[in-house]
Amino acid sequence: MARIVMKFGGTSVAGTERIRRVANIVRAQAAGGNQVAVVVSAMAGETDRLVNFCREANAIYDPAEYDVVVSSGEQVTAGLLALTLQSMGCKARSWLGWQLPLKTFSAHANARVGEIHAERLLESMDDGEIAIIPGFQGISDSDRITTMGRGGSDTSAVAVAAAIGADRCDIYTDVDGVYTTDPRIVARARKIKHIAFEEMLELASVGAKVLQTRSVSLAMKHNVPVQVLSSFIDDESPPADSLPGTMIVSEAEMAKLLEEGQVERQSVTGIAHDKNEARVVLTRVPDKPGAVADIFTPLGEAGINVDMIIQNVGRDKGETDVTFTVPQAELARAQALLEDRKGSLGFNRVITDSKVAKISVVGMGMKSHTGVAATMFKALADRGINVQAISTSEIKVSVLIDEDETELAVRVLHTAYGLDAPDEIGAAAE
């Protein structure tokens with residue numbers, strides 16, 4: 001018998017028919033003798049509808065009351081799924097975030113998981129009850145409802161899995177796993193059978209939309225195996241672990257799989273892209289100690305995340321240009337903040353460009369393979385794609401390019417690193 005947490009996203013529960021399909025998947029897991037907890041999102045489009053209500057009620061809304069409103073979407077789904085399972089003869093009940101309780105901290109609308117008191121939940125599951133939990137929400141120290149931001153249901157699911165000591169956390173989405181890149185851009189993208197937490201965390205942070213970054217970080221911290229798979233399967237579905245999804249596991253588990261020959265280590269595991277970037281250039285910045293700190297300190301204090309940073313070689317006149325990127329949604333705020341401090345910072349002008357994209361190659365194999373960055377730069381140069389900025393980590397290389405060249409760059413790099421799936425005709429001939 002396994003203890004499993006199953007999470008279903010908004011498209012999976014978009015209407016009563018899809019909720020019934022989800023109920024069949026859950027029932028199949030429980031029928032196999034497993035203890036099951038289910039975390040659900042609001043129905044597709046419901047959160048946007050509730051957010052618009054808040055804006056119509058008060059353009060400058062109270063974040064605490066905003067959380068009360070938007071958290072209701074997941075509550076509706078949880079109740080409907082519990083009712084549907086009961087109609088199928090299953091023993092099921094819904095648990096709201098405050099009933100567990102799932103404690104959170106930090107700001108409303110962007111809360112972080114603190115701790116979960118799972119004693120009552122475990123007693124219920126030991127008694128054979130399927131637990132249905134609304135994702136995305138918890139309760140603050142002041143007993144107010146909180147929400148965790150978009151994609152927060154993934155984090156809720158992993159947090160519940162860690163709290164109850166689950167054997168696995170299954171994330172059901174509208175895709176059937178994690179791919180080497182976006183299959184809508186590269187038709188020959190391959191589904192990845194196993195991927196390390198570190199790789200998934202980097203992919204999620206640089207644009208891959210499969211999982212929320214915070215959920216992967218939490219899974220890595222508590223070593224919770226996470227499986228990504230599709231909920232759009234036949235009603236009478238087999239157990240999740242017999243389906244071809246993607247397992248996200250620890251580096252130690254990956255090493256074991258490598259030793260057993262179940263996976264093959266490549267220099268690059270996947271390629272991600274993100275068009276939600278903007279480039280900022282400050283010209284003629286004083287080339288002196290502390291000048292760069294004076295630029296980025298106020299941005300950090302304002303909660304504006306800065307990614308790629310380039311400082312040109314100082315000019316003869318003791319001046320330099322500083323280039324960096326910020327999220328596109330933060331560009332106007334960053335520009336206004338810098339313009340307000342133009343006199344004290346001493347730069348000449350701010351130049352911005354929101355028509356850029358970040359392309360990233362990610363892979364644990366970079367630790368043992370050389371020439372990964374060189375391959376990237378050569379492949380892009382051969383196709384005339386100009387690199388505007390670069391950032392790296394131990395298992396990632398990211399570049400900034402013109403937004404119009406995004407799809408071409410992804411396809412070129414996918415081929416350059418040998419990630420293309422074999423041609424079906426050619427494979428059959430072999």
# chains A, B, ... in the order shown; residues from 1 in each chain; ligands from 1
call {"tool": "select_by_dssp", "arguments": {"residues": "segment 23-270 of chain A", "states": "strand (DSSP E or B)", "output": "ChimeraX atom specification"}}
result
/A:35-40,92-94,102-105,112-116,130-134,137-139,145-147,168-173,179,191,194-196,226-230,246-249,270
call {"tool": "select_by_dssp", "arguments": {"residues": "segment 48-164 of chain A", "states": "helix (DSSP H, G or I)", "output": "count of residues only"}}
result
55
call {"tool": "atom_distance", "arguments": {"atom1": "atom CA of Gln86 of chain A", "atom2": "atom CA of Ser231 of chain A"}}
result
20.0 Å
call {"tool": "residues_around", "arguments": {"residues": "Leu121 of chain A", "least_positions_apart": "2", "cutoff": "12 Å", "atoms": "only C-alpha atoms", "output": "MDAnalysis selection string"}}
result
chainID A and resid 35:38 92:97 99:102 116:119 123:133 160:161 163:165
call {"tool": "closest_atom_pairs", "arguments": {"of": "segment 191-225 of chain A", "to": "segment 250-261 of chain A", "cutoff": "8 Å", "atoms": "only C-alpha atoms", "output": "JSON lines"}}
result
{"residue": "A:His194", "atom": "CA", "partner": "A:Met254", "partner_atom": "CA", "distance": 7.5}
{"residue": "A:Ile195", "atom": "CA", "partner": "A:Met254", "partner_atom": "CA", "distance": 7.4}
{"residue": "A:Ala196", "atom": "CA", "partner": "A:Ser250", "partner_atom": "CA", "distance": 5.5}
{"residue": "A:Phe197", "atom": "CA", "partner": "A:Ser250", "partner_atom": "CA", "distance": 5.7}
{"residue": "A:Glu198", "atom": "CA", "partner": "A:Glu251", "partner_atom": "CA", "distance": 7.7}
{"residue": "A:Met220", "atom": "CA", "partner": "A:Ser250", "partner_atom": "CA", "distance": 6.9}
{"residue": "A:Asn223", "atom": "CA", "partner": "A:Ser250", "partner_atom": "CA", "distance": 6.6}
{"residue": "A:Pro225", "atom": "CA", "partner": "A:Ser250", "partner_atom": "CA", "distance": 7.6}
call {"tool": "write_last_selection", "arguments": {"atoms": "N, CA and C atoms", "output": "short mmCIF file (atom, residue, chain, number, x, y, z; two decimals), in the first residue's frame"}}
result
data_model
loop_
_atom_site.label_atom_id
_atom_site.label_comp_id
_atom_site.auth_asym_id
_atom_site.auth_seq_id
_atom_site.Cartn_x
_atom_site.Cartn_y
_atom_site.Cartn_z
N HIS A 194 12.94 10.54 -16.63
CA HIS A 194 13.40 10.93 -15.29
C HIS A 194 14.20 12.21 -15.39
N ILE A 195 14.03 13.09 -14.41
CA ILE A 195 14.79 14.33 -14.37
C ILE A 195 15.08 14.66 -12.90
N ALA A 196 16.26 15.22 -12.66
CA ALA A 196 16.65 15.55 -11.29
C ALA A 196 15.96 16.83 -10.82
N PHE A 197 15.76 16.93 -9.51
CA PHE A 197 15.15 18.13 -8.93
C PHE A 197 15.87 19.40 -9.40
N GLU A 198 17.21 19.37 -9.36
CA GLU A 198 17.99 20.55 -9.70
C GLU A 198 17.71 21.00 -11.13
N MET A 220 12.40 19.21 -3.55
CA MET A 220 13.82 18.91 -3.41
C MET A 220 14.23 18.97 -1.94
N ASN A 223 12.70 15.93 -0.34
CA ASN A 223 12.93 14.69 -1.10
C ASN A 223 11.62 13.96 -1.39
N PRO A 225 9.39 12.51 -4.21
CA PRO A 225 9.35 12.20 -5.65
C PRO A 225 8.06 12.77 -6.26
#
call {"tool": "residues_around", "arguments": {"residues": "Ile295 of chain A", "least_positions_apart": "2", "cutoff": "12 Å", "atoms": "only C-alpha atoms", "output": "VMD selection string"}}
result
chain A and resid 280 to 282 285 to 286 289 to 293 297 to 302 304 306 309 321 to 324 334 to 335 337 to 347 350
call {"tool": "atom_distance", "arguments": {"atom1": "atom CA of His414 of chain A", "atom2": "atom CA of Ile248 of chain A"}}
result
21.1 Å
call {"tool": "atom_distance", "arguments": {"atom1": "atom CA of Gln266 of chain A", "atom2": "atom CA of Tyr179 of chain A"}}
result
14.3 Å
call {"tool": "closest_residue", "arguments": {"among": "A:Ile359, A:Ala14, A:Ala78, A:Ala162", "to": "Leu203 of chain A", "atoms": "only C-alpha atoms"}}
result
A:Ile359
call {"tool": "closest_residue", "arguments": {"among": "A:Thr246, A:Gln212, A:Thr352, A:Thr104", "to": "Asp170 of chain A", "atoms": "only C-alpha atoms"}}
result
A:Thr246
call {"tool": "closest_residue", "arguments": {"among": "A:Thr180, A:Asp274, A:Val326, A:Asp287", "to": "Glu405 of chain A", "atoms": "only C-alpha atoms"}}
result
A:Asp274
call {"tool": "closest_residue", "arguments": {"among": "A:Met376, A:Ala189, A:Ala219, A:Ala208", "to": "Pro422 of chain A", "atoms": "only C-alpha atoms"}}
result
A:Ala189
call {"tool": "residues_around", "arguments": {"residues": "segment 54-71 of chain A", "least_positions_apart": "4", "cutoff": "10 Å", "atoms": "only C-alpha atoms", "output": "list in words"}}
result
Ser41, Ala42, Glu46, Thr47, Asp48, Arg49, Leu50, Gln75, Val76, Leu96, Gly97, Ala107, His108, Ala109, Asn110, Pro134, Gly135, Phe136, Gln137, Gly138, Arg144, Ile145, Thr146, Thr147, Met148 and Gly149 of chain A
call {"tool": "residues_around", "arguments": {"residues": "Ser360 of chain A", "least_positions_apart": "3", "cutoff": "10 Å", "atoms": "only C-alpha atoms", "output": "ChimeraX atom specification"}}
result
/A:202-203,205-208,270-274,357,376,390-392,396-400,410,413
call {"tool": "write_last_selection", "arguments": {"atoms": "C-alpha atoms", "output": "PDB file, in the first residue's frame"}}
result
ATOM      1  CA  GLU A 202      16.349  25.476 -13.277  1.00  0.00           C
ATOM      2  CA  LEU A 203      13.928  24.739 -16.148  1.00  0.00           C
ATOM      3  CA  SER A 205      12.878  29.201 -13.166  1.00  0.00           C
ATOM      4  CA  VAL A 206      13.815  30.056 -16.762  1.00  0.00           C
ATOM      5  CA  GLY A 207      10.454  29.630 -18.449  1.00  0.00           C
ATOM      6  CA  ALA A 208       9.261  26.008 -18.457  1.00  0.00           C
ATOM      7  CA  GLY A 270      16.242  20.505 -21.801  1.00  0.00           C
ATOM      8  CA  ILE A 271      15.847  23.936 -23.382  1.00  0.00           C
ATOM      9  CA  ALA A 272      13.478  26.611 -22.067  1.00  0.00           C
ATOM     10  CA  HIS A 273      12.458  30.015 -23.327  1.00  0.00           C
ATOM     11  CA  ASP A 274      10.906  33.038 -21.634  1.00  0.00           C
ATOM     12  CA  ALA A 357      13.585  36.656 -24.885  1.00  0.00           C
ATOM     13  CA  MET A 376      25.378  27.220 -27.775  1.00  0.00           C
ATOM     14  CA  ILE A 390      24.620  35.956 -20.793  1.00  0.00           C
ATOM     15  CA  SER A 391      24.130  34.379 -17.370  1.00  0.00           C
ATOM     16  CA  THR A 392      25.295  31.001 -16.106  1.00  0.00           C
ATOM     17  CA  LYS A 396      22.538  26.295 -16.845  1.00  0.00           C
ATOM     18  CA  VAL A 397      23.538  28.754 -19.567  1.00  0.00           C
ATOM     19  CA  SER A 398      21.070  31.505 -20.501  1.00  0.00           C
ATOM     20  CA  VAL A 399      21.296  34.109 -23.253  1.00  0.00           C
ATOM     21  CA  LEU A 400      19.183  37.123 -24.147  1.00  0.00           C
ATOM     22  CA  VAL A 410      15.051  26.913 -29.584  1.00  0.00           C
ATOM     23  CA  LEU A 413      19.785  24.524 -30.010  1.00  0.00           C
TER      24      LEU A 413
END
call {"tool": "closest_residue", "arguments": {"among": "A:Asp154, A:Asp353, A:Ala30, A:Gly177", "to": "Leu331 of chain A", "atoms": "only C-alpha atoms"}}
result
A:Asp353
call {"tool": "residues_around", "arguments": {"residues": "Met88 of chain A", "least_positions_apart": "6", "cutoff": "10 Å", "atoms": "only C-alpha atoms", "output": "VMD selection string"}}
result
chain A and resid 20 23 to 24 27
call {"tool": "write_last_selection", "arguments": {"atoms": "C-alpha atoms", "output": "PDB file, in the first residue's frame"}}
result
ATOM      1  CA  ARG A  20     -16.116  13.079 -12.983  1.00  0.00           C
ATOM      2  CA  ALA A  23     -12.967  11.177  -9.786  1.00  0.00           C
ATOM      3  CA  ASN A  24     -12.514   7.995 -11.819  1.00  0.00           C
ATOM      4  CA  ARG A  27     -11.126   6.055  -7.416  1.00  0.00           C
TER       5      ARG A  27
END
call {"tool": "closest_residue", "arguments": {"among": "A:Val26, A:Cys90, A:Cys169, A:Ala204", "to": "Val249 of chain A", "atoms": "only C-alpha atoms"}}
result
A:Cys169
